[in-house]
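Next comes coords20.cif, a file with mmCIF, C-alpha atoms.
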```
data_start
#
loop_
_atom_site.group_PDB
_atom_site.id
_atom_site.type_symbol
_atom_site.label_atom_id
_atom_site.label_comp_id
_atom_site.auth_asym_id
_atom_site.auth_seq_id
_atom_site.Cartn_x
_atom_site.Cartn_y
_atom_site.Cartn_z
ATOM 1 C CA MET R 1 201.462 110.862 123.808
ATOM 2 C CA THR R 2 198.336 108.870 124.626
ATOM 3 C CA ASN R 3 199.189 108.953 128.315
ATOM 4 C CA ARG R 4 199.852 112.693 128.252
ATOM 5 C CA THR R 5 196.537 113.257 126.497
ATOM 6 C CA LEU R 6 194.671 111.266 129.165
ATOM 7 C CA VAL R 7 196.435 113.205 131.921
ATOM 8 C CA TYR R 8 195.630 116.470 130.165
ATOM 9 C CA PHE R 9 191.895 115.908 129.882
ATOM 10 C CA ALA R 10 191.739 114.555 133.438
ATOM 11 C CA ALA R 11 193.341 117.762 134.725
ATOM 12 C CA TYR R 12 191.771 120.310 132.372
ATOM 13 C CA PRO R 13 189.760 122.801 134.433
ATOM 14 C CA ASP R 14 186.787 123.078 132.063
ATOM 15 C CA VAL R 15 185.408 120.370 129.771
ATOM 16 C CA GLU R 16 182.707 122.546 128.146
ATOM 17 C CA PRO R 17 184.948 123.697 125.252
ATOM 18 C CA VAL R 18 185.834 120.089 124.329
ATOM 19 C CA ARG R 19 183.717 119.513 121.243
ATOM 20 C CA ALA R 20 183.698 117.335 118.156
ATOM 21 C CA GLU R 21 183.374 120.326 115.807
ATOM 22 C CA LEU R 22 184.391 123.960 115.904
ATOM 23 C CA PRO R 23 181.649 126.573 116.414
ATOM 24 C CA ALA R 24 179.885 127.734 113.277
ATOM 25 C CA PRO R 25 180.900 131.065 111.679
ATOM 26 C CA MET R 26 179.081 134.029 113.192
ATOM 27 C CA ALA R 27 179.100 136.684 110.450
ATOM 28 C CA ASP R 28 175.788 135.807 108.791
ATOM 29 C CA GLU R 29 173.896 135.585 112.090
ATOM 30 C CA ILE R 30 175.251 138.943 113.267
ATOM 31 C CA ALA R 31 174.509 140.609 109.909
ATOM 32 C CA ALA R 32 170.950 139.300 110.016
ATOM 33 C CA ALA R 33 170.350 140.699 113.512
ATOM 34 C CA ALA R 34 171.805 144.066 112.498
ATOM 35 C CA GLY R 35 169.673 144.046 109.353
ATOM 36 C CA TRP R 36 166.546 143.586 111.472
ATOM 37 C CA GLY R 37 167.452 146.774 113.338
ATOM 38 C CA ASP R 38 168.586 144.939 116.483
ATOM 39 C CA PRO R 39 172.133 146.163 117.248
ATOM 40 C CA GLY R 40 171.883 144.968 120.847
ATOM 41 C CA GLY R 41 171.003 141.494 119.647
ATOM 42 C CA ALA R 42 173.883 141.568 117.166
ATOM 43 C CA LEU R 43 176.322 142.462 119.952
ATOM 44 C CA GLU R 44 174.921 139.738 122.184
ATOM 45 C CA ILE R 45 175.421 137.178 119.413
ATOM 46 C CA PHE R 46 178.969 138.414 118.871
ATOM 47 C CA ASP R 47 179.877 138.194 122.561
ATOM 48 C CA ARG R 48 178.407 134.705 122.917
ATOM 49 C CA ARG R 49 179.931 133.305 119.761
ATOM 50 C CA GLU R 50 183.318 134.933 120.371
ATOM 51 C CA ALA R 51 183.416 133.261 123.800
ATOM 52 C CA GLU R 52 182.599 129.918 122.147
ATOM 53 C CA TRP R 53 185.385 130.346 119.589
ATOM 54 C CA ARG R 54 187.908 131.462 122.185
ATOM 55 C CA ALA R 55 187.124 128.489 124.450
ATOM 56 C CA ALA R 56 187.338 126.036 121.541
ATOM 57 C CA ILE R 57 190.682 127.438 120.387
ATOM 58 C CA ASP R 58 192.125 127.593 123.901
ATOM 59 C CA VAL R 59 191.426 123.944 124.694
ATOM 60 C CA LEU R 60 193.281 122.964 121.503
ATOM 61 C CA ARG R 61 196.125 125.377 122.360
ATOM 62 C CA ASP R 62 196.514 123.816 125.787
ATOM 63 C CA TRP R 63 196.306 120.253 124.468
ATOM 64 C CA LEU R 64 198.970 121.016 121.866
ATOM 65 C CA SER R 65 201.097 122.659 124.568
ATOM 66 C CA THR R 66 200.869 119.513 126.690
ATOM 67 C CA LEU R 67 202.030 117.360 123.776
ATOM 68 C CA LEU R 68 204.836 119.800 122.894
ATOM 69 C CA SER R 69 205.916 119.677 126.545
ATOM 70 C CA ALA R 70 206.099 115.875 126.295
ATOM 71 C CA VAL R 71 208.238 116.145 123.148
ATOM 72 C CA TYR R 72 210.561 118.622 124.851
ATOM 73 C CA SER R 73 210.878 116.775 128.168
ATOM 74 C CA THR R 74 211.523 113.439 126.467
ATOM 75 C CA TRP R 75 213.633 114.306 123.419
ATOM 76 C CA GLY R 76 214.868 117.839 124.015
ATOM 77 C CA PRO R 77 214.879 121.118 122.082
ATOM 78 C CA ASP R 78 216.245 119.715 118.823
ATOM 79 C CA GLU R 79 213.222 117.465 118.349
ATOM 80 C CA LEU R 80 210.937 120.317 119.399
ATOM 81 C CA GLU R 81 212.473 122.405 116.623
ATOM 82 C CA VAL R 82 211.910 119.573 114.128
ATOM 83 C CA PHE R 83 208.198 119.572 115.009
ATOM 84 C CA HIS R 84 207.905 123.339 114.581
ATOM 85 C CA ARG R 85 209.731 123.233 111.259
ATOM 86 C CA ARG R 86 207.393 120.583 109.871
ATOM 87 C CA ARG R 87 204.314 122.545 110.884
ATOM 88 C CA GLY R 88 205.966 125.816 109.903
ATOM 89 C CA GLU R 89 206.252 124.784 106.260
ATOM 90 C CA ASP R 90 202.465 125.047 105.920
ATOM 91 C CA ALA R 91 202.155 128.166 108.069
ATOM 92 C CA LEU R 92 204.877 130.070 106.243
ATOM 93 C CA ARG R 93 203.603 129.111 102.816
ATOM 94 C CA GLY R 94 200.661 131.469 103.289
ATOM 95 C CA LEU R 95 202.732 134.182 104.927
ATOM 96 C CA MET R 96 205.381 134.116 102.215
ATOM 97 C CA ALA R 97 202.684 134.536 99.572
ATOM 98 C CA ASP R 98 202.230 138.062 100.965
ATOM 99 C CA ILE R 99 205.869 139.078 100.839
ATOM 100 C CA ASP R 100 205.880 140.895 97.499
ATOM 101 C CA ARG R 101 202.471 142.548 97.918
ATOM 102 C CA PRO R 102 202.234 146.237 98.842
ATOM 103 C CA ALA R 103 203.037 146.938 102.481
ATOM 104 C CA GLY R 104 199.486 148.072 103.225
ATOM 105 C CA GLU R 105 198.049 144.774 102.006
ATOM 106 C CA ARG R 106 200.523 142.831 104.115
ATOM 107 C CA LEU R 107 199.467 144.843 107.150
ATOM 108 C CA VAL R 108 195.765 144.158 106.571
ATOM 109 C CA ASN R 109 196.366 140.439 106.112
ATOM 110 C CA LEU R 110 198.545 140.168 109.218
ATOM 111 C CA VAL R 111 196.029 142.048 111.369
ATOM 112 C CA ARG R 112 193.282 139.762 110.096
ATOM 113 C CA LEU R 113 195.403 136.806 111.221
ATOM 114 C CA LEU R 114 196.115 138.378 114.612
ATOM 115 C CA GLN R 115 192.393 138.701 115.319
ATOM 116 C CA GLY R 116 192.471 134.986 116.102
ATOM 117 C CA HIS R 117 194.420 135.791 119.272
ATOM 118 C CA PHE R 118 191.418 137.589 120.864
ATOM 119 C CA THR R 119 193.516 140.532 122.077
ATOM 120 C CA ASP R 120 193.458 144.319 121.685
ATOM 121 C CA LEU R 121 195.609 145.790 118.909
ATOM 122 C CA ALA R 122 197.102 149.250 118.392
ATOM 123 C CA ILE R 123 199.004 150.169 115.222
ATOM 124 C CA ASP R 124 201.515 152.932 114.536
ATOM 125 C CA GLU R 125 203.527 153.693 111.424
ATOM 126 C CA ASP R 126 206.855 155.256 110.538
ATOM 127 C CA ASP R 127 208.871 155.383 107.346
ATOM 128 C CA GLU R 128 210.362 151.896 107.668
ATOM 129 C CA LYS R 129 207.719 149.794 109.429
ATOM 130 C CA PHE R 130 204.358 149.299 111.097
ATOM 131 C CA THR R 131 204.459 148.794 114.865
ATOM 132 C CA ILE R 132 201.646 146.609 116.208
ATOM 133 C CA VAL R 133 201.071 146.309 119.944
ATOM 134 C CA GLN R 134 199.075 143.308 121.193
ATOM 135 C CA ASP R 135 197.724 143.498 124.726
ATOM 136 C CA PRO R 136 197.996 140.870 126.043
ATOM 137 C CA CYS R 137 200.600 139.266 123.797
ATOM 138 C CA GLY R 138 198.426 136.949 121.791
ATOM 139 C CA THR R 139 197.329 133.423 122.561
ATOM 140 C CA CYS R 140 200.586 132.764 124.417
ATOM 141 C CA SER R 141 200.073 135.463 127.051
ATOM 142 C CA ARG R 142 196.388 134.611 127.398
ATOM 143 C CA GLN R 143 197.498 131.089 128.302
ATOM 144 C CA VAL R 144 199.551 132.545 131.152
ATOM 145 C CA LEU R 145 196.765 134.880 132.300
ATOM 146 C CA ASP R 146 194.269 132.000 132.182
ATOM 147 C CA GLY R 147 196.351 130.198 134.821
ATOM 148 C CA ARG R 148 197.202 127.207 132.665
ATOM 149 C CA PHE R 149 200.757 126.926 134.010
ATOM 150 C CA GLY R 150 199.357 126.325 137.491
ATOM 151 C CA ALA R 151 196.578 123.960 136.439
ATOM 152 C CA GLY R 152 198.484 120.670 136.604
ATOM 153 C CA LEU R 153 198.768 120.326 132.835
ATOM 154 C CA GLY R 154 202.540 119.819 132.873
ATOM 155 C CA LEU R 155 203.301 122.759 130.581
ATOM 156 C CA ALA R 156 206.987 123.479 130.080
ATOM 157 C CA VAL R 157 208.933 126.727 130.121
ATOM 158 C CA VAL R 158 212.030 126.401 127.929
ATOM 159 C CA ALA R 159 215.318 128.087 128.794
ATOM 160 C CA ASP R 160 217.828 126.132 126.692
ATOM 161 C CA GLU R 161 220.521 127.987 124.779
ATOM 162 C CA HIS R 162 218.787 126.961 121.599
ATOM 163 C CA PRO R 163 216.839 128.613 118.759
ATOM 164 C CA VAL R 164 213.472 127.436 120.191
ATOM 165 C CA ALA R 165 214.092 129.855 123.062
ATOM 166 C CA TRP R 166 215.788 132.715 121.193
ATOM 167 C CA GLY R 167 219.166 131.299 122.265
ATOM 168 C CA GLY R 168 218.366 131.009 125.983
ATOM 169 C CA ARG R 169 215.425 133.274 126.802
ATOM 170 C CA LEU R 170 212.686 131.935 129.081
ATOM 171 C CA THR R 171 209.960 130.890 126.631
ATOM 172 C CA THR R 172 206.643 129.181 127.261
ATOM 173 C CA ILE R 173 206.269 125.939 125.325
ATOM 174 C CA TYR R 174 203.504 127.208 123.022
ATOM 175 C CA ARG R 175 205.537 130.313 122.186
ATOM 176 C CA THR R 176 208.559 128.281 121.053
ATOM 177 C CA HIS R 177 207.129 128.212 117.527
ATOM 178 C CA VAL R 178 207.695 131.966 117.190
ATOM 179 C CA PRO R 179 211.528 132.023 117.035
ATOM 180 C CA ILE R 180 211.538 129.013 114.701
ATOM 181 C CA TRP R 181 208.900 130.219 112.221
ATOM 182 C CA HIS R 182 209.515 133.962 112.325
ATOM 183 C CA VAL R 183 213.259 134.087 112.978
ATOM 184 C CA GLU R 184 215.012 130.929 111.787
ATOM 185 C CA MET R 185 212.745 129.881 108.907
ATOM 186 C CA ALA R 186 211.967 133.433 107.819
ATOM 187 C CA ARG R 187 215.671 134.267 107.764
ATOM 188 C CA GLU R 188 216.366 131.192 105.627
ATOM 189 C CA ARG R 189 213.807 132.441 103.089
ATOM 190 C CA LEU R 190 214.230 136.216 103.241
ATOM 191 C CA GLY R 191 217.569 136.877 104.886
ATOM 192 C CA ALA R 192 215.777 138.647 107.768
ATOM 193 C CA PRO R 193 213.251 137.796 110.516
ATOM 194 C CA TRP R 194 209.631 138.419 109.516
ATOM 195 C CA PRO R 195 207.715 139.799 111.187
ATOM 196 C CA VAL R 196 209.748 140.663 114.286
ATOM 197 C CA ASN R 197 207.889 139.434 117.377
ATOM 198 C CA ARG R 198 209.158 141.057 120.575
ATOM 199 C CA CYS R 199 207.433 138.673 122.970
ATOM 200 C CA PRO R 200 207.476 138.859 126.777
ATOM 201 C CA SER R 201 209.829 136.547 128.630
ATOM 202 C CA GLY R 202 208.788 133.537 130.687
ATOM 203 C CA LEU R 203 205.447 133.769 132.483
ATOM 204 C CA ASP R 204 204.983 137.473 131.810
ATOM 205 C CA GLY R 205 201.415 137.824 130.557
ATOM 206 C CA GLY R 206 201.810 141.397 129.360
ATOM 207 C CA ALA R 207 201.743 143.132 126.000
ATOM 208 C CA CYS R 208 204.170 142.696 123.117
ATOM 209 C CA THR R 209 205.240 144.481 119.959
ATOM 210 C CA ILE R 210 205.280 143.167 116.411
ATOM 211 C CA LEU R 211 207.432 145.037 113.898
ATOM 212 C CA LEU R 212 206.221 144.626 110.322
ATOM 213 C CA TYR R 213 208.915 146.126 108.107
ATOM 214 C CA LYS R 214 207.705 147.610 104.844
ATOM 215 C CA ASN R 215 210.710 146.009 103.185
ATOM 216 C CA PRO R 216 210.450 142.435 104.529
ATOM 217 C CA ARG R 217 214.105 141.871 103.657
ATOM 218 C CA ASP R 218 215.293 144.879 105.670
ATOM 219 C CA PRO R 219 218.443 143.794 107.570
ATOM 220 C CA ALA R 220 217.527 146.228 110.351
ATOM 221 C CA ALA R 221 214.975 143.658 111.516
ATOM 222 C CA THR R 222 217.729 141.356 112.791
ATOM 223 C CA ALA R 223 218.804 143.893 115.406
ATOM 224 C CA ARG R 224 215.313 143.938 116.919
ATOM 225 C CA VAL R 225 214.955 140.208 117.608
ATOM 226 C CA PRO R 226 214.654 139.412 121.344
ATOM 227 C CA VAL R 227 217.781 138.061 123.021
ATOM 228 C CA PRO R 228 218.360 136.221 126.309
ATOM 229 C CA GLU R 229 217.905 138.564 129.254
ATOM 230 C CA ALA R 230 221.460 138.198 130.521
ATOM 231 C CA ARG R 231 222.783 139.225 127.097
ATOM 232 C CA ASP R 232 220.237 141.928 126.307
ATOM 233 C CA GLU R 233 222.416 145.028 126.065
ATOM 234 C CA GLY R 234 219.924 147.270 124.325
ATOM 235 C CA PRO R 235 219.571 147.913 120.585
ATOM 236 C CA ARG R 236 222.158 146.072 118.522
ATOM 237 C CA ASP R 237 224.371 147.974 116.120
ATOM 238 C CA PRO R 238 223.423 146.719 112.642
ATOM 239 C CA ASP R 239 227.077 147.096 111.633
ATOM 240 C CA GLU R 240 227.943 144.207 113.966
ATOM 241 C CA GLY R 241 226.246 141.826 111.557
ATOM 242 C CA PRO R 242 223.493 139.286 112.219
ATOM 243 C CA ARG R 243 223.557 136.964 115.176
ATOM 244 C CA ASP R 244 224.436 133.363 114.484
ATOM 245 C CA PRO R 245 221.045 131.609 114.331
ATOM 246 C CA GLY R 246 222.670 128.356 115.498
ATOM 247 C CA ALA R 247 224.547 129.867 118.412
ATOM 248 C CA GLY R 248 224.031 127.945 121.597
ATOM 249 C CA ARG R 249 222.197 125.084 119.875
ATOM 250 C CA ARG R 250 221.996 122.134 122.217
ATOM 251 C CA ASN R 251 222.140 118.692 120.650
ATOM 252 C CA SER R 252 221.548 116.547 123.709
ATOM 253 C CA ALA R 253 218.095 115.841 125.100
ATOM 254 C CA PRO R 254 217.262 116.285 128.786
ATOM 255 C CA GLU R 255 216.812 113.212 130.909
ATOM 256 C CA PRO R 256 213.291 111.812 130.323
ATOM 257 C CA ARG R 257 210.880 112.414 133.165
ATOM 258 C CA ASP R 258 209.241 109.437 134.829
ATOM 259 C CA GLU R 259 205.566 109.892 134.051
ATOM 260 C CA GLY R 260 204.452 106.510 135.341
ATOM 261 C CA PRO R 261 203.006 103.667 133.272
ATOM 262 C CA HIS R 262 202.011 104.564 129.752
ATOM 263 C CA THR R 263 198.701 103.504 128.304
ATOM 264 C CA PRO R 264 199.246 101.224 125.290
#
```
Represent the structure contained in this file as structure tokens.
Amino acid sequence: MTNRTLVYFAAYPDVEPVRAELPAPMADEIAAAAGWGDPGGALEIFDRREAEWRAAIDVLRDWLSTLLSAVYSTWGPDELEVFHRRRGEDALRGLMADIDRPAGERLVNLVRLLQGHFTDLAIDEDDEKFTIVQDPCGTCSRQVLDGRFGAGLGLAVVADEHPVAWGGRLTTIYRTHVPIWHVEMARERLGAPWPVNRCPSGLDGGACTILLYKNPRDPAATARVPVPEARDEGPRDPDEGPRDPGAGRRNSAPEPRDEGPHTP
């Protein structure tokens, strides 16, 4: 991991975002400028500070992606899933605290969380769910659009028939947390995926849809989970029953890649 970190920072295209501390919160500074009757100044502060936050988050995203790629290339998808499950315990603890709140509150809290992706959101509603469109599809798609997969960072794209890749769907390494947290671990807790993230495949940097069911235990959610492209036959009949979450799980790791001497 030390060697991969050294390689990462040597190859990273911009060192400006690498900082000892995260940027300070911006709300008070913006409110003060607006209170002085300077809306243009408030917008300028927002644009500048948002760029600082995005850069700081993206460098950590890419560093984590490099380390996850090392885990995957050395030990395979099973160990990658173990990592996501350990981290997912903390992430899901907060999400699960929302489960029994009114649907409107869950929507507000999820949208507040999604703001950290720095993307545009559009929301629609029907009787059973809220449909949220992110354009581009969150931090994962921004990583593709930012050119990080062609920047010499050694980022992996996973295609194993394994839960980390929705059973065999091309999945960027950073995105592999989504099917573990929001499909496998959510299903273990609720009996259904939550929320349903219909992410793009592979290096598609386009938009995506998140389905937030008003009943988080609605079995209809299972039919909307992405499937491998070769097996994607359109909407699944709920009467067929849920897919086996362990189907296609691969237990053997790929051959380790020769990355040269490792720094002690």
Q: Find the spatial neighbours of Arg175 in chain R, counting all atoms listed in the file, within a cut-off of 10 Å - ignore same-chain residues fewer than 3 positions away - and output them as a list in words.
A: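 So, after excluding close chain neighbours, the residues are Ser65, Gly138, Thr139, Cys140, Ser141, Val157, Val158, Val164, Ala165, Thr171, Thr172, Val178, Pro179, Ile180, Cys199, Pro200, Ser201 and Gly202 of chain R.
Distance annotation: of R:Asn197, R:Thr176, R:Arg148, R:Tyr213, the residue with the minimal separation from Asp124 in chain R is R:Tyr213; atom set is only C-alpha atoms.
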Q) Between R:Trp166, R:Trp181, R:Tyr174, R:Trp75, which one has atoms that come closest to Val225 in chain R, using all atoms listed in the file? A)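 Checking each of R:Trp166, R:Trp181, R:Tyr174, R:Trp75 against Val225 in chain R, counting all atoms listed in the file, the winner is R:Trp166.
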Q) For this file, the PyMOL selection byres ((chain R and resi 207) around 8) selects which residues, as a ChimeraX atom specification? A) /R:133-137,141,199-200,205-206,208-209
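Interatomic distance, CA of Asn215 in chain R against CA of Glu89 in chain R: 21.9 Å.
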Run the PyMOL selection byres ((chain R and resi 106-115) around 9) mentally over the shown coordinates, then write out the matched residues as an mmCIF file with C-alpha atoms, in the coordinates of the input, using the chain letters and numbers from the document.
```cif
data_model
loop_
_atom_site.group_PDB
_atom_site.id
_atom_site.type_symbol
_atom_site.label_atom_id
_atom_site.label_comp_id
_atom_site.auth_asym_id
_atom_site.auth_seq_id
_atom_site.Cartn_x
_atom_site.Cartn_y
_atom_site.Cartn_z
ATOM 1 C CA LEU R 95 202.732 134.182 104.927
ATOM 2 C CA ASP R 98 202.230 138.062 100.965
ATOM 3 C CA ILE R 99 205.869 139.078 100.839
ATOM 4 C CA ASP R 100 205.880 140.895 97.499
ATOM 5 C CA ARG R 101 202.471 142.548 97.918
ATOM 6 C CA PRO R 102 202.234 146.237 98.842
ATOM 7 C CA ALA R 103 203.037 146.938 102.481
ATOM 8 C CA GLY R 104 199.486 148.072 103.225
ATOM 9 C CA GLU R 105 198.049 144.774 102.006
ATOM 10 C CA GLY R 116 192.471 134.986 116.102
ATOM 11 C CA HIS R 117 194.420 135.791 119.272
ATOM 12 C CA PHE R 118 191.418 137.589 120.864
ATOM 13 C CA THR R 119 193.516 140.532 122.077
ATOM 14 C CA ASP R 120 193.458 144.319 121.685
ATOM 15 C CA LEU R 121 195.609 145.790 118.909
ATOM 16 C CA PHE R 130 204.358 149.299 111.097
ATOM 17 C CA ILE R 132 201.646 146.609 116.208
ATOM 18 C CA GLN R 134 199.075 143.308 121.193
ATOM 19 C CA GLY R 138 198.426 136.949 121.791
ATOM 20 C CA LEU R 212 206.221 144.626 110.322
ATOM 21 C CA LYS R 214 207.705 147.610 104.844
#
```
Assuming the chain letters and numbering stay as they are in my file, what does the PyMOL selection byres ((chain R and resi 5) around 10) actually select? List them as a PDB file with C-alpha atoms, in the coordinates of the input.
```
ATOM      1  CA  MET R   1     201.462 110.862 123.808  1.00  0.00           C
ATOM      2  CA  THR R   2     198.336 108.870 124.626  1.00  0.00           C
ATOM      3  CA  ASN R   3     199.189 108.953 128.315  1.00  0.00           C
ATOM      4  CA  ARG R   4     199.852 112.693 128.252  1.00  0.00           C
ATOM      5  CA  LEU R   6     194.671 111.266 129.165  1.00  0.00           C
ATOM      6  CA  VAL R   7     196.435 113.205 131.921  1.00  0.00           C
ATOM      7  CA  TYR R   8     195.630 116.470 130.165  1.00  0.00           C
ATOM      8  CA  PHE R   9     191.895 115.908 129.882  1.00  0.00           C
ATOM      9  CA  ALA R  10     191.739 114.555 133.438  1.00  0.00           C
ATOM     10  CA  ALA R  11     193.341 117.762 134.725  1.00  0.00           C
ATOM     11  CA  TRP R  63     196.306 120.253 124.468  1.00  0.00           C
ATOM     12  CA  LEU R  64     198.970 121.016 121.866  1.00  0.00           C
ATOM     13  CA  THR R  66     200.869 119.513 126.690  1.00  0.00           C
ATOM     14  CA  LEU R  67     202.030 117.360 123.776  1.00  0.00           C
ATOM     15  CA  ALA R  70     206.099 115.875 126.295  1.00  0.00           C
ATOM     16  CA  LEU R 153     198.768 120.326 132.835  1.00  0.00           C
TER      17      LEU R 153
END
```
Q. From the set R:Glu161, R:Glu81, R:Asp47, R:Asp204, which residue has the shortest atom-to-atom contact distance to Phe149 in chain R, counting all atoms listed in the file?
A.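 Smallest separation from Phe149 in chain R among the options: R:Asp204.
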Q.
One number please: CA of Ala221 in chain R to CA of Glu125 in chain R, in Å, one decimal.
A.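 The value is 15.2 Å.
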